[in-house]
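Peer 1: Quick one: this structure, given as structure tokens, is what I'll be asking you about.
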Amino acid sequence: MALQVLFFCPRWGSEHMPWEDFCHNVKQEGYDGIEYAIASDTSPKELDNAWNAAVKNSLVILPQHFDTYTANFTEHYDLYCNWLLRIRAYQPFKVNSQTGKDFFSFEQNKVLIEAAAASGLQVLHETHRNKFSFAAHITKAYLEKIPDLRLTLDASHWVNVAESFLDDQPSAMQLAIERTEHIHARVGYPEGPQVPDPRAPEWQEALNKHLSWWDQVVQLKEQQSPNAQLTISPEFGPFPYMVHNPVTGQPIANQWEVNSYIMHLLKNRYNYKNEVSFKASMAPPAM
């Protein structure tokens, strides 16, 4: 059996849409699931609505943690653990986590990573500005010292932080690629985490740089196991990630169309076949 690649549509940017309509559109577009950034104050009713709509449309939800911001480490730890406990009830097959803070010590961030590992969930830590994994060289130190650490690779953040395409950090990028289980397929450039439109000729260098990293992840996965699985979320975002015309206030590209473009580009590139069955329950928990 060949590598299984699954594609997830971000809820980010479509929060205004009812879950039923959103899930219908996601399914029609050809995605396998939804990546859902779940705030700590999201109501149980909202979560159940999301899971029920996903089940109805044969989609799977991949929860994303993002909003534990407090600088007080004790409070931060408690909030993070409570979020993981809450999400565990939904039996997600993977969780994407923006973990810790860039100004926490290594030891503090390591405690958070260990809490995620102890949660019973497959937690993948996103390479993201403002988090422990904000830069390639910093994340490399974590990967070297924590052998079980696994990543959501969003190289767009690292390109922005380093103001380069990381050509001078090959060992850091190689180690990250080896530990990647989920990809955020957004294209960054040295002065920003999201090019205005990856379809435009002037952004082809940036697109090709990211494609080369994603290709390496796929190639490694194919070598690891005949039953290997990789998940990918095209994750171009709305304003302020998406550039707007300063006169009209309108976005210069359509977020949904750009993410769809990336998904279909990668489907063709990786010979996508939708033959995946999920072991995790998709239904919301009985509360």
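Chain labels run A, B, ... following the order of the structure tokens; each chain numbers its residues from 1, and ligands are numbered from 1 in the order shown.
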When you look at Pro226 of chain A with a cut-off of 12 Å (counting only C-alpha atoms), what residues show up, excluding the ones that are within fewer than 2 positions of it in the same chain? I need them as a VMD selection string.
Peer 2: chain A and resid 1 to 4 219 to 224 228 to 229
Peer 1: Among segment 244-273 of chain A, which ones does DSSP place in alpha helix (DSSP H), written as a ChimeraX atom specification?
Peer 2: /A:255-269
Peer 1: To one decimal in Å, tell me the separation between atom CA of Ala162 of chain A and atom CA of Ala37 of chain A.
Peer 2: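 Here the two named atoms are 25.9 Å from each other.
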Peer 1: Between A:Asp102, A:Glu144, A:Asp41, A:Glu257, which residue has the minimum interatomic distance to Ala71 of chain A, considering only C-alpha atoms?
Peer 2: A:Asp102
Peer 1: For segment 166-178 of chain A, list every protein, DNA or RNA residue within 6 Å, evaluated using only C-alpha atoms, and leave out those in the same chain fewer than 4 positions away; present the list as a list in words.
Peer 2: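 My list of contacting residues is Ala136, His137, Lys140 and Val217 of chain A.
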Peer 1: Could you take the residues named above and write them with N, CA and C atoms, as a compact mmCIF listing (two decimals), in the first residue's frame?
Peer 2:
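The resulting file, out_18.txt, is reproduced below:
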# COMPACT_ATOMS: atom_id res chain seq x y z
N ALA A 136 14.04 27.94 13.28
CA ALA A 136 14.60 26.64 12.90
C ALA A 136 15.71 26.20 13.85
N HIS A 137 16.63 27.11 14.17
CA HIS A 137 17.77 26.72 15.00
C HIS A 137 17.35 26.44 16.44
N LYS A 140 15.59 23.00 16.46
CA LYS A 140 16.59 21.95 16.31
C LYS A 140 17.09 21.47 17.67
N VAL A 217 9.49 15.55 2.84
CA VAL A 217 8.67 14.88 3.86
C VAL A 217 7.97 13.67 3.25
Peer 1: Considering only C-alpha atoms, can you say which of A:Lys45, A:His157, A:Lys209, A:Arg11 comes closest to Trp256 of chain A?
Peer 2: A:Arg11
Peer 1: List the neighbours of Val161 of chain A out to 9 Å using only C-alpha atoms; skip same-chain residues closer than 5 positions along the sequence, and give me the result as a list in words.
Peer 2: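 Here the qualifying residues turn out to be Arg129, Phe134, Ala135, Ala136, Ser156, Pro190, Glu191, Gly192 and Pro193 of chain A.
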Peer 1: I'd like the neighbourhood of Asn72 of chain A as a PDB file with C-alpha atoms, in the first residue's frame, where a residue qualifies if any of its atoms comes within 12 Å (using only C-alpha atoms), though same-chain residues fewer than 5 positions away should be ignored.
Peer 2:
ATOM      1  CA  TYR A  77       0.346  24.864  32.067  1.00  0.00           C
ATOM      2  CA  ASP A  78      -3.073  24.435  33.678  1.00  0.00           C
ATOM      3  CA  LEU A  79      -4.896  26.005  30.734  1.00  0.00           C
ATOM      4  CA  GLY A 100       4.479  27.159  24.826  1.00  0.00           C
ATOM      5  CA  LYS A 101       6.057  30.567  24.387  1.00  0.00           C
ATOM      6  CA  PHE A 103      10.300  33.438  26.020  1.00  0.00           C
ATOM      7  CA  PHE A 104       9.680  30.404  28.262  1.00  0.00           C
ATOM      8  CA  GLN A 108       9.292  25.113  30.924  1.00  0.00           C
TER       9      GLN A 108
END
Peer 1: Between atom CA of Glu107 of chain A and atom CA of Leu124 of chain A, what is the distance in Å, rounded to a tenth?
Peer 2: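 Computing it gives 18.5 Å between the two atoms.
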Peer 1: One decimal, in Å: what's the spacing between atom CA of Ile113 of chain A and atom CA of Ser233 of chain A?
Peer 2: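 Taking atom CA of Ile113 of chain A and atom CA of Ser233 of chain A, their separation equals 22.1 Å.
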Peer 1: Each residue of segment 115-228 of chain A lying at most 9 Å from segment 83-90 of chain A should get a row with its shortest atom-to-atom pair and the distance in Å to one decimal, counting only C-alpha atoms; could you produce that, ordered by chain and increasing number, as a Markdown table?
Peer 2:
| residue | atom | partner | partner_atom | distance |
| --- | --- | --- | --- | --- |
| A:Ala115 | CA | A:Leu84 | CA | 8.9 |
| A:Ala116 | CA | A:Leu84 | CA | 7.3 |
| A:Ser119 | CA | A:Leu84 | CA | 6.7 |
| A:Gly120 | CA | A:Arg88 | CA | 7.8 |
| A:Leu121 | CA | A:Arg88 | CA | 6.8 |
Peer 1: Within 12 Å of Ile146 of chain A, counting only C-alpha atoms, which residues qualify if same-chain residues fewer than 4 places away don't, as a VMD selection string?
Peer 2: chain A and resid 106 to 107 109 to 111 113 to 114 117 139 to 142 150 to 151 179
Peer 1: May I ask which of the residues A:Thr180, A:Ile61, A:Cys23, A:Glu46 is the closest one to Gln216 of chain A, counting only C-alpha atoms?
Peer 2: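 Checking each of A:Thr180, A:Ile61, A:Cys23, A:Glu46 against Gln216 of chain A, counting only C-alpha atoms, the winner is A:Thr180.
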Peer 1: Which residues are near Ala185 of chain A? Cut-off 10 Å, only C-alpha atoms, ignore same chain within fewer than 6 positions. Put them as a PyMOL selection string.
Peer 2: chain A and resi 153-156+207+210-211+214+232-236+259+262-263+266
Peer 1: Measuring between only C-alpha atoms, which one of A:Val60, A:Cys81, A:Val123, A:Met17 shows the shortest distance to Tyr36 of chain A?
Peer 2: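 Answer, going by the shortest atom-to-atom distance: A:Val60.
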Peer 1: I need the residues of segment 99-285 of chain A that end up classed as strand (DSSP E or B) by DSSP on the backbone, written out as a VMD selection string.
Peer 2: chain A and resid 123 to 126 151 to 153 180 to 184 189 192 229 to 233 244 251
